[in-house]
$ cat coords.cif   # mmCIF, C-alpha atoms
data_work
loop_
_atom_site.label_atom_id
_atom_site.label_comp_id
_atom_site.auth_asym_id
_atom_site.auth_seq_id
_atom_site.Cartn_x
_atom_site.Cartn_y
_atom_site.Cartn_z
CA MET L 30 -1.98 -25.13 11.82
CA GLU L 31 0.73 -22.56 11.16
CA LYS L 32 -0.16 -18.89 10.84
CA ILE L 33 1.74 -17.18 8.02
CA LEU L 34 1.96 -13.45 7.31
CA VAL L 35 2.05 -12.69 3.59
CA THR L 36 2.95 -9.07 2.89
CA GLY L 37 1.96 -7.70 -0.50
CA ALA L 38 -1.01 -10.10 -0.55
CA ALA L 39 -2.89 -7.95 -3.07
CA GLY L 40 0.17 -7.93 -5.33
CA PHE L 41 0.88 -10.30 -8.18
CA ILE L 42 3.07 -12.90 -6.45
CA GLY L 43 1.61 -12.34 -2.97
CA PHE L 44 -1.89 -13.11 -4.24
CA HIS L 45 -0.83 -16.36 -5.90
CA LEU L 46 1.21 -17.40 -2.85
CA SER L 47 -1.71 -16.69 -0.50
CA LYS L 48 -3.95 -18.90 -2.63
CA LYS L 49 -1.42 -21.73 -2.57
CA LEU L 50 -0.89 -21.55 1.20
CA LEU L 51 -4.64 -21.57 1.80
CA ASP L 52 -4.93 -24.63 -0.46
CA GLN L 53 -2.29 -26.29 1.73
CA GLY L 54 -4.32 -25.61 4.88
CA PHE L 55 -2.34 -22.75 6.44
CA GLN L 56 -3.84 -19.70 8.12
CA VAL L 57 -2.89 -16.61 6.12
CA LEU L 58 -3.00 -13.00 7.19
CA GLY L 59 -2.60 -10.97 4.01
CA LEU L 60 -1.22 -7.47 4.35
CA ASP L 61 -1.06 -4.74 1.71
CA ASN L 62 -1.17 -0.94 1.56
CA LEU L 63 -3.14 -0.99 -1.75
CA ASN L 64 -1.11 1.90 -3.15
CA ASP L 65 -1.79 3.33 -6.60
CA TYR L 66 1.56 2.47 -8.24
CA TYR L 67 -0.69 0.63 -10.69
CA ASP L 68 -4.45 0.04 -11.04
CA VAL L 69 -5.90 -0.49 -7.57
CA ASN L 70 -8.92 -2.24 -9.10
CA LEU L 71 -6.63 -5.08 -10.20
CA LYS L 72 -5.39 -5.43 -6.63
CA LEU L 73 -8.96 -5.45 -5.33
CA GLY L 74 -9.84 -8.04 -7.97
CA ARG L 75 -7.09 -10.31 -6.65
CA LEU L 76 -8.25 -9.81 -3.08
CA SER L 77 -11.81 -10.72 -4.06
CA GLN L 78 -10.48 -14.19 -4.96
CA LEU L 79 -9.10 -14.60 -1.42
CA GLU L 80 -11.63 -12.94 0.86
CA GLY L 81 -14.22 -15.30 2.24
CA ARG L 82 -11.92 -18.29 2.12
CA ASP L 83 -11.43 -20.26 5.34
CA GLY L 84 -8.20 -19.26 7.04
CA PHE L 85 -7.74 -15.90 5.27
CA ARG L 86 -7.85 -12.42 6.76
CA PHE L 87 -6.78 -9.15 5.18
CA LEU L 88 -5.31 -6.03 6.74
CA LYS L 89 -4.52 -2.74 5.02
CA LEU L 90 -1.34 -1.37 6.55
CA GLU L 91 1.80 0.62 5.68
CA LEU L 92 4.92 -1.39 6.41
CA ALA L 93 6.83 1.84 7.01
CA ASP L 94 4.56 2.49 10.04
CA ARG L 95 6.86 1.21 12.77
CA ASP L 96 4.34 1.17 15.62
CA ALA L 97 1.59 -0.46 13.57
CA VAL L 98 3.87 -3.25 12.36
CA ALA L 99 5.23 -3.86 15.87
CA GLY L 100 1.70 -4.05 17.23
CA LEU L 101 0.61 -6.48 14.52
CA PHE L 102 3.47 -8.90 15.21
CA ALA L 103 2.92 -8.74 18.98
CA GLU L 104 -0.81 -9.43 18.63
CA GLU L 105 -0.75 -12.12 15.93
CA ARG L 106 2.36 -14.16 16.85
CA PHE L 107 3.05 -15.42 13.34
CA ASP L 108 4.85 -18.72 12.87
CA LYS L 109 6.43 -17.67 9.57
CA VAL L 110 6.57 -14.62 7.34
CA ALA L 111 6.58 -14.41 3.54
CA HIS L 112 7.61 -10.83 2.88
CA LEU L 113 6.76 -9.97 -0.74
CA ALA L 114 5.63 -6.35 -0.36
CA ALA L 115 7.97 -3.81 -1.94
CA GLN L 116 8.03 -0.79 -4.15
CA ALA L 117 8.60 -2.56 -7.43
CA GLY L 118 9.95 -1.44 -10.78
CA VAL L 119 13.44 -0.57 -11.97
CA ARG L 120 12.41 2.39 -14.13
CA TYR L 121 10.14 3.99 -11.52
CA SER L 122 13.11 4.16 -9.15
CA LEU L 123 14.68 6.71 -11.50
CA VAL L 124 11.84 9.20 -10.90
CA ASN L 125 10.62 8.42 -7.38
CA PRO L 126 13.60 7.13 -5.37
CA TYR L 127 12.18 7.96 -1.94
CA ALA L 128 9.37 5.42 -2.38
CA TYR L 129 12.04 2.71 -2.46
CA ILE L 130 13.67 3.82 0.77
CA ASP L 131 10.34 4.02 2.61
CA GLY L 132 8.95 0.74 1.28
CA ASN L 133 11.98 -1.44 0.71
CA ILE L 134 14.36 -0.31 3.46
CA GLN L 135 12.24 1.09 6.31
CA GLY L 136 9.48 -1.45 5.69
CA PHE L 137 11.94 -4.35 5.69
CA LEU L 138 13.57 -3.15 8.91
CA ASN L 139 10.14 -3.14 10.58
CA ILE L 140 9.56 -6.72 9.39
CA LEU L 141 12.95 -7.79 10.78
CA GLU L 142 12.20 -6.17 14.12
CA GLY L 143 8.81 -7.88 14.24
CA CYS L 144 10.46 -11.24 13.63
CA ARG L 145 13.18 -10.51 16.20
CA HIS L 146 10.83 -9.68 19.05
CA ASN L 147 8.20 -12.34 18.40
CA ARG L 148 10.15 -15.55 17.75
CA VAL L 149 9.17 -15.98 14.12
CA LYS L 150 10.47 -19.38 12.97
CA HIS L 151 11.40 -18.37 9.42
CA LEU L 152 11.43 -15.16 7.38
CA VAL L 153 11.33 -15.68 3.62
CA TYR L 154 11.62 -12.47 1.62
CA ALA L 155 11.62 -11.44 -2.02
CA SER L 156 14.89 -10.29 -3.46
CA SER L 157 15.38 -9.88 -7.21
CA SER L 158 17.53 -10.93 -10.14
CA SER L 159 18.28 -7.21 -10.50
CA VAL L 160 20.88 -7.54 -7.70
CA TYR L 161 23.24 -9.12 -10.26
CA GLY L 162 23.53 -5.66 -11.82
CA ALA L 163 26.68 -5.31 -13.88
CA ASN L 164 27.59 -9.01 -13.58
CA THR L 165 28.04 -10.75 -16.93
CA ALA L 166 29.13 -14.28 -15.89
CA MET L 167 26.23 -16.55 -16.79
CA PRO L 168 24.26 -18.23 -15.37
CA PHE L 169 23.85 -15.95 -12.36
CA SER L 170 24.66 -17.84 -9.16
CA VAL L 171 23.94 -16.98 -5.53
CA HIS L 172 27.60 -17.80 -4.93
CA HIS L 173 28.68 -14.85 -7.11
CA ASN L 174 29.54 -11.46 -5.65
CA VAL L 175 26.77 -8.89 -6.33
CA ASP L 176 28.25 -5.54 -5.36
CA HIS L 177 27.53 -3.57 -8.54
CA PRO L 178 23.79 -2.79 -8.79
CA VAL L 179 22.72 -0.56 -11.69
CA SER L 180 19.46 0.79 -10.23
CA LEU L 181 18.29 2.03 -6.84
CA TYR L 182 15.65 -0.73 -6.85
CA ALA L 183 18.43 -3.32 -7.14
CA ALA L 184 20.42 -1.57 -4.41
CA THR L 185 17.46 -1.76 -2.01
CA LYS L 186 17.05 -5.48 -2.70
CA LYS L 187 20.75 -6.09 -2.08
CA SER L 188 20.38 -4.04 1.11
CA ASN L 189 17.56 -6.36 2.21
CA GLU L 190 19.89 -9.34 1.85
CA LEU L 191 22.55 -7.61 3.95
CA MET L 192 20.04 -6.55 6.61
CA ALA L 193 18.66 -10.10 6.76
CA HIS L 194 22.15 -11.50 7.27
CA SER L 195 22.88 -9.09 10.12
CA TYR L 196 19.67 -10.14 11.93
CA ALA L 197 20.35 -13.82 11.27
CA SER L 198 23.83 -13.35 12.74
CA LEU L 199 22.92 -11.13 15.69
CA PHE L 200 19.63 -12.67 16.78
CA GLY L 201 19.54 -16.12 15.18
CA ILE L 202 16.51 -15.31 13.02
CA PRO L 203 16.36 -17.84 10.15
CA THR L 204 16.11 -15.85 6.91
CA THR L 205 15.93 -16.91 3.27
CA GLY L 206 16.12 -14.47 0.37
CA LEU L 207 14.64 -15.41 -3.00
CA ARG L 208 15.92 -13.78 -6.17
CA PHE L 209 12.99 -13.84 -8.60
CA PHE L 210 13.63 -13.78 -12.34
CA THR L 211 11.12 -11.89 -14.60
CA VAL L 212 7.85 -13.28 -13.26
CA TYR L 213 4.78 -13.39 -15.53
CA GLY L 214 1.36 -14.99 -15.60
CA PRO L 215 -2.36 -14.43 -14.88
CA TRP L 216 -3.16 -11.45 -12.64
CA GLY L 217 0.25 -9.99 -13.53
CA ARG L 218 1.40 -6.41 -13.06
CA PRO L 219 0.24 -3.91 -15.72
CA ASP L 220 3.67 -2.22 -15.80
CA MET L 221 5.46 -5.39 -16.94
CA ALA L 222 6.29 -6.31 -20.52
CA LEU L 223 3.82 -9.13 -21.18
CA PHE L 224 0.87 -7.10 -19.89
CA LEU L 225 1.93 -3.95 -21.77
CA PHE L 226 2.55 -5.87 -24.99
CA THR L 227 -0.74 -7.77 -24.85
CA LYS L 228 -2.77 -4.63 -24.24
CA ALA L 229 -1.04 -2.66 -27.01
CA ILE L 230 -1.24 -5.44 -29.62
CA LEU L 231 -4.94 -6.01 -29.01
CA GLU L 232 -5.57 -2.26 -29.25
CA GLY L 233 -3.51 -1.95 -32.44
CA ARG L 234 -0.83 0.26 -30.87
CA PRO L 235 2.95 -0.14 -31.31
CA ILE L 236 5.02 -1.72 -28.56
CA ASP L 237 8.31 -0.30 -27.27
CA ILE L 238 11.13 -2.84 -27.48
CA PHE L 239 14.30 -1.74 -25.72
CA ASN L 240 17.88 -2.56 -26.65
CA HIS L 241 16.51 -3.12 -30.18
CA GLY L 242 15.08 -6.44 -29.02
CA LYS L 243 18.49 -7.84 -28.04
CA MET L 244 17.37 -8.51 -24.47
CA GLN L 245 17.36 -11.95 -22.90
CA ARG L 246 15.24 -12.75 -19.87
CA ASP L 247 14.77 -15.84 -17.74
CA PHE L 248 10.97 -15.57 -17.92
CA THR L 249 9.47 -17.49 -14.98
CA PHE L 250 5.81 -18.46 -14.72
CA VAL L 251 4.15 -17.35 -11.49
CA ASP L 252 3.00 -20.86 -10.48
CA ASP L 253 6.64 -21.98 -10.54
CA ILE L 254 7.61 -19.01 -8.38
CA VAL L 255 5.01 -19.72 -5.69
CA GLU L 256 5.80 -23.45 -5.68
CA GLY L 257 9.38 -22.51 -4.90
CA VAL L 258 8.39 -20.01 -2.20
CA ALA L 259 6.01 -22.48 -0.53
CA ARG L 260 8.70 -25.18 -0.44
CA VAL L 261 11.36 -22.83 0.88
CA LEU L 262 9.02 -21.63 3.67
CA GLN L 263 9.09 -25.17 5.05
CA ARG L 264 12.89 -25.43 4.89
CA VAL L 265 14.21 -23.41 7.81
CA PRO L 266 17.90 -22.63 7.19
CA GLN L 267 20.68 -23.46 9.59
CA GLY L 268 24.23 -22.18 9.77
CA ASP L 269 26.72 -23.86 7.45
CA PRO L 270 29.57 -25.27 9.57
CA ALA L 271 31.81 -25.36 6.48
CA TRP L 272 31.46 -21.63 5.82
CA SER L 273 34.80 -19.83 5.95
CA GLY L 274 35.51 -16.16 6.52
CA GLU L 275 38.73 -16.57 4.54
CA ARG L 276 36.74 -17.67 1.49
CA PRO L 277 33.31 -16.15 2.18
CA ASP L 278 30.48 -17.67 0.16
CA PRO L 279 27.81 -14.99 -0.51
CA GLY L 280 25.03 -17.60 -0.83
CA THR L 281 25.41 -19.23 2.60
CA SER L 282 26.67 -18.29 6.07
CA TYR L 283 27.68 -19.44 9.52
CA ALA L 284 24.32 -17.84 10.47
CA PRO L 285 20.88 -19.32 9.61
CA TYR L 286 20.81 -17.48 6.29
CA ARG L 287 20.33 -18.66 2.70
CA LEU L 288 19.79 -17.23 -0.76
CA TYR L 289 18.17 -18.94 -3.75
CA ASN L 290 17.48 -18.02 -7.35
CA ILE L 291 14.02 -18.88 -8.63
CA GLY L 292 14.17 -18.65 -12.41
CA ASN L 293 13.29 -20.78 -15.39
CA ASN L 294 16.96 -21.61 -16.06
CA ALA L 295 16.32 -21.02 -19.79
CA PRO L 296 16.81 -17.43 -21.00
CA VAL L 297 14.67 -16.35 -23.95
CA GLU L 298 15.33 -13.48 -26.34
CA LEU L 299 12.68 -10.80 -26.07
CA LEU L 300 11.83 -10.98 -29.79
CA ARG L 301 11.10 -14.71 -29.40
CA PHE L 302 8.88 -13.97 -26.41
CA ILE L 303 6.96 -11.45 -28.54
CA GLU L 304 6.72 -13.96 -31.39
CA VAL L 305 5.03 -16.49 -29.08
CA LEU L 306 2.66 -13.77 -27.86
CA GLU L 307 1.77 -12.81 -31.45
CA THR L 308 0.99 -16.45 -32.26
CA THR L 309 -1.15 -16.81 -29.15
CA LEU L 310 -3.08 -13.59 -29.86
CA GLY L 311 -3.33 -14.30 -33.57
CA LYS L 312 -2.17 -10.75 -34.29
CA LYS L 313 1.15 -9.16 -35.26
CA ALA L 314 2.79 -6.46 -33.18
CA GLN L 315 3.90 -3.08 -34.46
CA LYS L 316 7.44 -2.86 -33.09
CA ASN L 317 9.14 0.35 -31.98
CA LEU L 318 12.83 -0.54 -31.49
CA LEU L 319 14.60 1.64 -28.91
CA PRO L 320 17.99 1.82 -27.11
CA ILE L 321 18.42 0.12 -23.73
CA GLN L 322 17.04 2.10 -20.79
CA SER L 323 19.03 3.29 -17.78
CA GLY L 324 18.94 0.67 -15.03
CA ASP L 325 18.18 -2.21 -17.40
CA VAL L 326 20.53 -5.15 -17.96
CA PRO L 327 20.79 -6.92 -21.33
CA ALA L 328 20.40 -10.48 -20.04
CA THR L 329 19.40 -12.59 -17.03
CA TYR L 330 19.91 -16.33 -16.54
CA ALA L 331 19.36 -18.17 -13.25
CA ASP L 332 21.49 -20.94 -11.82
CA VAL L 333 18.95 -22.92 -9.75
CA ASP L 334 21.20 -25.79 -8.64
CA ASP L 335 20.94 -24.84 -4.95
CA LEU L 336 17.15 -24.64 -5.08
CA MET L 337 17.01 -28.05 -6.73
CA ALA L 338 19.45 -29.59 -4.25
CA ASP L 339 17.76 -28.20 -1.12
CA VAL L 340 14.04 -28.32 -1.90
CA GLY L 341 13.90 -30.64 -4.91
CA PHE L 342 12.31 -28.17 -7.30
CA LYS L 343 13.12 -25.99 -10.27
CA PRO L 344 10.79 -24.02 -12.55
CA SER L 345 9.87 -25.72 -15.81
CA THR L 346 6.84 -24.00 -17.41
CA SER L 347 7.56 -23.14 -21.06
CA ILE L 348 6.85 -19.66 -22.36
CA GLU L 349 4.38 -21.18 -24.84
CA ALA L 350 2.30 -22.66 -22.00
CA GLY L 351 2.73 -19.66 -19.71
CA ILE L 352 1.82 -17.03 -22.29
CA GLU L 353 -1.25 -19.02 -23.36
CA ARG L 354 -2.48 -19.06 -19.76
CA PHE L 355 -1.84 -15.33 -19.35
CA VAL L 356 -3.65 -14.42 -22.55
CA ALA L 357 -6.65 -16.59 -21.59
CA TRP L 358 -6.87 -14.78 -18.25
CA TYR L 359 -6.40 -11.35 -19.86
CA ARG L 360 -9.16 -11.92 -22.43
CA GLN L 361 -11.56 -13.11 -19.75
CA TYR L 362 -10.75 -10.41 -17.17
CA TYR L 363 -10.81 -7.48 -19.62
CA ARG L 364 -13.36 -9.02 -22.00
CA ALA L 365 -10.80 -8.42 -24.76
#
$ encode --input "coords.cif" --output "structure tokens"
Amino acid sequence: MEKILVTGAAGFIGFHLSKKLLDQGFQVLGLDNLNDYYDVNLKLGRLSQLEGRDGFRFLKLELADRDAVAGLFAEERFDKVAHLAAQAGVRYSLVNPYAYIDGNIQGFLNILEGCRHNRVKHLVYASSSSVYGANTAMPFSVHHNVDHPVSLYAATKKSNELMAHSYASLFGIPTTGLRFFTVYGPWGRPDMALFLFTKAILEGRPIDIFNHGKMQRDFTFVDDIVEGVARVLQRVPQGDPAWSGERPDPGTSYAPYRLYNIGNNAPVELLRFIEVLETTLGKKAQKNLLPIQSGDVPATYADVDDLMADVGFKPSTSIEAGIERFVAWYRQYYRA
């Protein structure tokens, strides 16, 4: 039975992934620092769904604590690592940039060092669709160059991909980066659009809609995300013998290194997303149309051909089905 470290296990995606891995019979050590970036009670609520289950243990720990992380890896001898912990949020990076260096750069380096010194078979880590930055060629492909991030958050995620490649090249550590596209669903983050919109509409408050609603997002239901992560964990990458330094492909390498998009492959305009939410709630939103915010991009759209070819899966949950499941959870959890 493989032992898997899931960082960010009290977070939105980490919680759902931990549940899935436990269902599949793996041992899971869930790690989280339980910071107060958003409501800690929601994180504790997620953990309460995991604690007590066979095969699950939880540890509160700061990934930026080099000695603590090194000690954990040496003691536990993980088979694989799903690194989902990060300081999230594009807009928050405009006001608290240092949190992103500590969590997303220093923390990731400590994870890489743990994998290096303890023969971890596969490191799968969360990147983000935000790395595409100023790119406008659609759909976004892992084979496109992504050297023009438009937020510090995006820059730290791109840095993670570069750091992972250097460790894959130097030390032969198999690494796979997953670029997630606008994840939503039950137990979601309170700082994300669906959560904010649902809360405001039910309370009769206006919702802020940026770029005057002319945003398109590849909204991806959380169950589809974790299905992709779980499948990728079992596919340990190898070096591509056809890779050429004269025509370098950003998505693959001579080293055991891969990148995949995990997105719904069907961008939806934000106003349509809100329309489905209004129908599901049975209540109209008061809309406050605003200009686009710094660090935001007007559209995202995932090319998932590589994911489909390598692990035989692509997300498919419609926004109608996904929003209905989120709203059902929200009403039950908040008694709304």
$ atom_distance --input "coords.cif" --atom1 "CA of Ile236 (chain L)" --atom2 "CA of Lys72 (chain L)"
24.6 Å
$ closest_residue --input "coords.cif" --among "L:Leu207, L:Ala99, L:Ile42, L:Val212" --to "Asn139 (chain L)" --atoms "all atoms listed in the file"
L:Ala99
$ resolve_selection --input "coords.cif" --expression "the PyMOL selection byres ((chain L and resi 150) around 12)" --output "compact mmCIF listing (two decimals) with C-alpha atoms, keeping the file's coordinate frame"
# COMPACT_ATOMS: atom_id res chain seq x y z
CA GLU L 31 0.73 -22.56 11.16
CA LYS L 32 -0.16 -18.89 10.84
CA ILE L 33 1.74 -17.18 8.02
CA LEU L 34 1.96 -13.45 7.31
CA ARG L 106 2.36 -14.16 16.85
CA PHE L 107 3.05 -15.42 13.34
CA ASP L 108 4.85 -18.72 12.87
CA LYS L 109 6.43 -17.67 9.57
CA VAL L 110 6.57 -14.62 7.34
CA ALA L 111 6.58 -14.41 3.54
CA GLY L 143 8.81 -7.88 14.24
CA CYS L 144 10.46 -11.24 13.63
CA ARG L 145 13.18 -10.51 16.20
CA HIS L 146 10.83 -9.68 19.05
CA ASN L 147 8.20 -12.34 18.40
CA ARG L 148 10.15 -15.55 17.75
CA VAL L 149 9.17 -15.98 14.12
CA HIS L 151 11.40 -18.37 9.42
CA LEU L 152 11.43 -15.16 7.38
CA VAL L 153 11.33 -15.68 3.62
CA ALA L 197 20.35 -13.82 11.27
CA PHE L 200 19.63 -12.67 16.78
CA GLY L 201 19.54 -16.12 15.18
CA ILE L 202 16.51 -15.31 13.02
CA PRO L 203 16.36 -17.84 10.15
CA THR L 204 16.11 -15.85 6.91
CA THR L 205 15.93 -16.91 3.27
CA LEU L 262 9.02 -21.63 3.67
CA GLN L 263 9.09 -25.17 5.05
CA ARG L 264 12.89 -25.43 4.89
CA VAL L 265 14.21 -23.41 7.81
CA PRO L 266 17.90 -22.63 7.19
CA GLN L 267 20.68 -23.46 9.59
CA PRO L 285 20.88 -19.32 9.61
$ atom_distance --input "coords.cif" --atom1 "CA of Leu113 (chain L)" --atom2 "CA of Phe44 (chain L)"
9.8 Å
$ axis_aligned_box --input "coords.cif" --around "region 269-275 of chain L" --padding-each-side "4 Å" --output "JSON"
{"center_x": 32.7, "center_y": -20.8, "center_z": 7.1, "size_x": 20.0, "size_y": 17.2, "size_z": 13.0}
$ closest_atom_pairs --input "coords.cif" --of "region 141-236 of chain L" --to "region 77-94 of chain L" --cutoff "12 Å" --atoms "only C-alpha atoms" --output "tab-separated table"
residue	atom	partner	partner_atom	distance
L:Leu141	CA	L:Leu92	CA	11.2
L:Glu142	CA	L:Leu92	CA	11.6
L:Gly143	CA	L:Leu92	CA	10.9
L:Trp216	CA	L:Gln78	CA	11.0
$ write_last_selection --input "coords.cif" --atoms "C-alpha atoms" --output "PDB file, in the coordinates of the input"
ATOM      1  CA  LEU L 141      12.950  -7.790  10.780  1.00  0.00           C
ATOM      2  CA  GLU L 142      12.200  -6.170  14.120  1.00  0.00           C
ATOM      3  CA  GLY L 143       8.810  -7.880  14.240  1.00  0.00           C
ATOM      4  CA  TRP L 216      -3.160 -11.450 -12.640  1.00  0.00           C
TER       5      TRP L 216
END
$ closest_residue --input "coords.cif" --among "L:Pro219, L:Gly40, L:Pro327, L:Gly136" --to "Asn189 (chain L)" --atoms "all atoms listed in the file"
L:Gly136
$ resolve_selection --input "coords.cif" --expression "the PyMOL selection byres ((chain L and resi 318) around 6)" --output "NGL selection string"
:L and (238 or 241 or 317 or 319)
$ atom_distance --input "coords.cif" --atom1 "CA of Met337 (chain L)" --atom2 "CA of Phe250 (chain L)"
16.8 Å
$ closest_residue --input "coords.cif" --among "L:Gln53, L:Asn240, L:Ser347, L:Ser188" --to "Gly214 (chain L)" --atoms "only C-alpha atoms"
L:Ser347
$ closest_residue --input "coords.cif" --among "L:Leu199, L:Ala39, L:Leu223, L:Ala97" --to "Val69 (chain L)" --atoms "all atoms listed in the file"
L:Ala39
$ resolve_selection --input "coords.cif" --expression "the PyMOL selection byres ((chain L and resi 231) around 9)" --output "PyMOL selection string"
chain L and resi 226-230+232-234+310+312+314+365
$ closest_residue --input "coords.cif" --among "L:Asp176, L:Leu181, L:Ala350, L:Glu256" --to "Ser47 (chain L)" --atoms "all atoms listed in the file"
L:Glu256
$ residues_near_point --input "coords.cif" --point "(23.0, -0.4, -9.3)" --cutoff "12 Å" --atoms "only C-alpha atoms" --output "ChimeraX atom specification"
/L:119-120,122-123,158-164,175-188,323-326
$ write_last_selection --input "coords.cif" --atoms "C-alpha atoms" --output "PDB file, keeping the file's coordinate frame"
ATOM      1  CA  VAL L 119      13.440  -0.570 -11.970  1.00  0.00           C
ATOM      2  CA  ARG L 120      12.410   2.390 -14.130  1.00  0.00           C
ATOM      3  CA  SER L 122      13.110   4.160  -9.150  1.00  0.00           C
ATOM      4  CA  LEU L 123      14.680   6.710 -11.500  1.00  0.00           C
ATOM      5  CA  SER L 158      17.530 -10.930 -10.140  1.00  0.00           C
ATOM      6  CA  SER L 159      18.280  -7.210 -10.500  1.00  0.00           C
ATOM      7  CA  VAL L 160      20.880  -7.540  -7.700  1.00  0.00           C
ATOM      8  CA  TYR L 161      23.240  -9.120 -10.260  1.00  0.00           C
ATOM      9  CA  GLY L 162      23.530  -5.660 -11.820  1.00  0.00           C
ATOM     10  CA  ALA L 163      26.680  -5.310 -13.880  1.00  0.00           C
ATOM     11  CA  ASN L 164      27.590  -9.010 -13.580  1.00  0.00           C
ATOM     12  CA  VAL L 175      26.770  -8.890  -6.330  1.00  0.00           C
ATOM     13  CA  ASP L 176      28.250  -5.540  -5.360  1.00  0.00           C
ATOM     14  CA  HIS L 177      27.530  -3.570  -8.540  1.00  0.00           C
ATOM     15  CA  PRO L 178      23.790  -2.790  -8.790  1.00  0.00           C
ATOM     16  CA  VAL L 179      22.720  -0.560 -11.690  1.00  0.00           C
ATOM     17  CA  SER L 180      19.460   0.790 -10.230  1.00  0.00           C
ATOM     18  CA  LEU L 181      18.290   2.030  -6.840  1.00  0.00           C
ATOM     19  CA  TYR L 182      15.650  -0.730  -6.850  1.00  0.00           C
ATOM     20  CA  ALA L 183      18.430  -3.320  -7.140  1.00  0.00           C
ATOM     21  CA  ALA L 184      20.420  -1.570  -4.410  1.00  0.00           C
ATOM     22  CA  THR L 185      17.460  -1.760  -2.010  1.00  0.00           C
ATOM     23  CA  LYS L 186      17.050  -5.480  -2.700  1.00  0.00           C
ATOM     24  CA  LYS L 187      20.750  -6.090  -2.080  1.00  0.00           C
ATOM     25  CA  SER L 188      20.380  -4.040   1.110  1.00  0.00           C
ATOM     26  CA  SER L 323      19.030   3.290 -17.780  1.00  0.00           C
ATOM     27  CA  GLY L 324      18.940   0.670 -15.030  1.00  0.00           C
ATOM     28  CA  ASP L 325      18.180  -2.210 -17.400  1.00  0.00           C
ATOM     29  CA  VAL L 326      20.530  -5.150 -17.960  1.00  0.00           C
TER      30      VAL L 326
END
$ closest_residue --input "coords.cif" --among "L:Thr36, L:Asn133, L:Asn70, L:Ser282" --to "Leu58 (chain L)" --atoms "all atoms listed in the file"
L:Thr36
$ residues_near_point --input "coords.cif" --point "(10.8, -24.1, -17.0)" --cutoff "7 Å" --atoms "all atoms listed in the file" --output "PyMOL selection string"
chain L and resi 293-295+344-347
$ write_last_selection --input "coords.cif" --atoms "C-alpha atoms" --output "PDB file, in the frame of the given file"
ATOM      1  CA  ASN L 293      13.290 -20.780 -15.390  1.00  0.00           C
ATOM      2  CA  ASN L 294      16.960 -21.610 -16.060  1.00  0.00           C
ATOM      3  CA  ALA L 295      16.320 -21.020 -19.790  1.00  0.00           C
ATOM      4  CA  PRO L 344      10.790 -24.020 -12.550  1.00  0.00           C
ATOM      5  CA  SER L 345       9.870 -25.720 -15.810  1.00  0.00           C
ATOM      6  CA  THR L 346       6.840 -24.000 -17.410  1.00  0.00           C
ATOM      7  CA  SER L 347       7.560 -23.140 -21.060  1.00  0.00           C
TER       8      SER L 347
END
$ residues_around --input "coords.cif" --residues "Val333 (chain L)" --least-positions-apart "3" --cutoff "10 Å" --atoms "all atoms listed in the file" --output "list in words"
Pro168, Phe169, Ser170, Val171, Tyr289, Asn290, Ile291, Gly292, Asn293, Asn294, Tyr330, Leu336, Met337, Ala338, Phe342, Lys343 and Pro344 of chain L
$ residues_around --input "coords.cif" --residues "Leu300 (chain L)" --least-positions-apart "3" --cutoff "10 Å" --atoms "all atoms listed in the file" --output "PyMOL selection string"
chain L and resi 238+241-245+297+303-306+316
